[in-house]
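**Q** Just passing along the structure, written as structure tokens.
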Amino acid sequence: MFEKAVGLKKKIRDGKQVLGAQVQPTATREELEKVMEIDDYDFLLIDAQHTPYEEQQIADFCQTAEAMDLFVQLRIKHTRLAFLSGNYLDLGPCGVEIPQVELDSTVEEALHGFYFPPEAGRSFGGRYRRAPGGKTPVEYAAWWNTYGVLWMQVESVQASTHCRQLAKSGVDCLSFGPIDLTFNLQSHPTHPYKTVDDCVQGVCDALSDLPTQVCFRNYDKAKRKLYADMGVTVFVEIPGYSA
């Protein structure tokens with residue numbers, strides 16, 4: 001179940017290096033064109049967790065991105081809204097990221113809303129959803145299940161050590177939230193993992209035999225090789241950022 005893949009999803013699951021640009025959901029087409037001139041980005045990431053947004057704004061952004069043939073990953077507002085993954089996707093993103101994941105039940109709720117039957121339980125509909133033309137509902141559902149990209153975000157030592165259980169079939173990537181993870185590490189001074197990099201290396205090692213890959217917000221491309229050497233294959237950078 002969930003193992004067939006196309007496009008970006010296949011590239012991620014094949015362990016090829018994938019690069020994303022974090023941008024504001026208010027970005028215009030002209031601004032996005034400038035972003036895409038900076039590097040060979042595979043996707044755009046927009047953040048609803050820490051950024052003010054309206055649903056129409058997200059839908060309009062995704063329509064602009066679709067017209068440019070750009071893949072959009074959306075970090076949703078809160079962990080406990082994982083069950084709304086399908087509703088977020090109806091706004092037009094190509095994938096979602098669930099923040100601060102620690103529980104198997106969160107992953108299961110996200111999977112249920114993310115994939116269509118027969119794999120899971122996403123409801124069909126929404127005129128803003130990413131939609132290649134000429135497909136019946138059944139054909140669209142089959143296409144989406146090989147296209148959409150689902151991330152779970154690791155932001156604690158608990159999640160880091162529980163990562164294989166979070167990497168359920170259908171989860172394409174475990175992504176790191178380094179700042180919240182740093183806070184969490186301070187609360188666990190006796191844990192074997194002492195640093196964010198310890199956690200990243202541990203998760204990369206633990207998932208090495210699984211199709212689920214690891215994403216890191218390195219932000220600055222100068223740090224890309226450091227994490228690639230650990231086993232990270234998916235990177236999120238801020239265009240033009242330099243530490």
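Just so we're on the same page: first chain in the structure tokens is A, next is B, and so on; residues restart at 1 for each chain, and ligands are numbered from 1 in the order they show up.
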As a PDB file with N, CA and C atoms, in the first residue's frame, please: the residues near range 147-152 of chain A (cut-off 6 Å, only C-alpha atoms, same-chain neighbours under 5 positions excluded).
**A**
ATOM      1  N   VAL A   6       5.240   8.711  -8.308  1.00  0.00           N
ATOM      2  CA  VAL A   6       5.609   9.414  -9.528  1.00  0.00           C
ATOM      3  C   VAL A   6       6.150  10.777  -9.140  1.00  0.00           C
ATOM      4  N   LYS A   9       7.397  12.776  -5.548  1.00  0.00           N
ATOM      5  CA  LYS A   9       7.239  11.703  -4.566  1.00  0.00           C
ATOM      6  C   LYS A   9       8.223  10.570  -4.848  1.00  0.00           C
ATOM      7  N   CYS A  94       0.251  20.454  -2.801  1.00  0.00           N
ATOM      8  CA  CYS A  94       0.575  19.136  -3.329  1.00  0.00           C
ATOM      9  C   CYS A  94       0.987  18.187  -2.209  1.00  0.00           C
ATOM     10  N   GLY A  95       1.207  18.731  -1.030  1.00  0.00           N
ATOM     11  CA  GLY A  95       1.600  17.921   0.108  1.00  0.00           C
ATOM     12  C   GLY A  95       1.451  18.709   1.387  1.00  0.00           C
ATOM     13  N   VAL A  96       1.456  18.013   2.515  1.00  0.00           N
ATOM     14  CA  VAL A  96       1.372  18.684   3.812  1.00  0.00           C
ATOM     15  C   VAL A  96       2.443  18.142   4.750  1.00  0.00           C
ATOM     16  N   GLU A  97       2.811  18.991   5.686  1.00  0.00           N
ATOM     17  CA  GLU A  97       3.743  18.650   6.746  1.00  0.00           C
ATOM     18  C   GLU A  97       3.008  18.831   8.074  1.00  0.00           C
ATOM     19  N   ILE A  98       3.036  17.810   8.904  1.00  0.00           N
ATOM     20  CA  ILE A  98       2.386  17.853  10.204  1.00  0.00           C
ATOM     21  C   ILE A  98       3.439  18.201  11.252  1.00  0.00           C
ATOM     22  N   VAL A 171       4.070   7.633   4.607  1.00  0.00           N
ATOM     23  CA  VAL A 171       4.806   8.818   5.056  1.00  0.00           C
ATOM     24  C   VAL A 171       6.066   8.919   4.205  1.00  0.00           C
ATOM     25  N   ASP A 172       6.184   9.983   3.438  1.00  0.00           N
ATOM     26  CA  ASP A 172       7.299  10.120   2.510  1.00  0.00           C
ATOM     27  C   ASP A 172       8.556  10.653   3.171  1.00  0.00           C
ATOM     28  N   CYS A 173       8.387  11.407   4.261  1.00  0.00           N
ATOM     29  CA  CYS A 173       9.538  12.091   4.819  1.00  0.00           C
ATOM     30  C   CYS A 173       9.308  12.399   6.293  1.00  0.00           C
ATOM     31  N   LEU A 174      10.374  12.285   7.088  1.00  0.00           N
ATOM     32  CA  LEU A 174      10.397  12.844   8.434  1.00  0.00           C
ATOM     33  C   LEU A 174      11.258  14.100   8.364  1.00  0.00           C
TER      34      LEU A 174
END
**Q** Could you go through range 2-229 of chain A and tell me which residues DSSP, when run on the backbone, assigns to strand (DSSP E or B), listing them as a PyMOL selection string?
**A** chain A and resi 18-22+43-47+72-75+95-98+149-154+173-176+213-219
**Q** Provide the CA of Ala142 in chain A to CA of Phe71 in chain A distance in Å, to one decimal place.
**A**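 Interatomic distance, CA of Ala142 in chain A to CA of Phe71 in chain A: 18.4 Å.
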**Q** Hey, what's within 12 Å of Leu81 in chain A if we count only C-alpha atoms and toss same-chain stuff fewer than 3 positions away? As a VMD selection string, please?
**A** chain A and resid 48 to 49 75 to 78 84 to 88 96 to 101 105 to 107 109 to 110 113
**Q** Considering only C-alpha atoms, can you say which of A:Val203, A:Met36, A:Leu19, A:Ala27 comes closest to Gln57 in chain A?
**A**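 Closest candidate: A:Ala27.
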**Q** If we count only C-alpha atoms, what is near Gly134 in chain A at a cut-off of 12 Å, once residues fewer than 5 positions away on the same chain are taken out, given as JSON, numbers by chain?
**A** {"A": [139, 140, 143]}
**Q** Using only C-alpha atoms, which residue out of A:Tyr41, A:Thr212, A:Gln56, A:Gly240 lies closest to Lys10 in chain A?
**A** A:Thr212
**Q** Taking only range 41-215 of chain A into account, list the residues labelled alpha helix (DSSP H) by DSSP (computed from the backbone), as an NGL selection string.
**A** :A and (55-67 or 85-89 or 104-114 or 137-144 or 157-161 or 163-166 or 178-186 or 196-206)
**Q** Please determine, counting only C-alpha atoms, which residue among A:Leu111, A:Arg127, A:Gly121, A:Arg80 has the shortest atom-to-atom distance to Ala59 in chain A.
**A**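 Nearest candidate to Ala59 in chain A out of A:Leu111, A:Arg127, A:Gly121, A:Arg80: A:Arg127.
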**Q** Would you please work out which residue, of A:Asp209, A:Asp60, A:Asp180, A:Ser175, is nearest to Thr195 in chain A when using only C-alpha atoms?
**A**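 Using only C-alpha atoms, Thr195 in chain A sits closest to A:Asp180.
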**Q** Interatomic distance between CA of Gly126 in chain A and CA of Ser169 in chain A?
**A**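 We find that CA of Gly126 in chain A and CA of Ser169 in chain A lie 25.7 Å from each other.
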**Q** Between A:Thr161, A:Ser123, A:Thr26, A:Gln213, which has the minimum distance to Glu102 in chain A (counting only C-alpha atoms)?
**A**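 Under the stated criterion, the closest residue is A:Thr161.
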**Q** For Val35 in chain A, which of A:Asn145, A:Gln201, A:Ser208, A:Gln22 is the closest residue, counting only C-alpha atoms?
**A**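 Comparing A:Asn145, A:Gln201, A:Ser208, A:Gln22 against Val35 in chain A, the winner is A:Gln22.
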**Q** What's around Lys194 in chain A at 10 Å? Count only C-alpha atoms, leave out sequence neighbours fewer than 4 positions away in its own chain, and write the answer as a count of residues only.
**A** 9
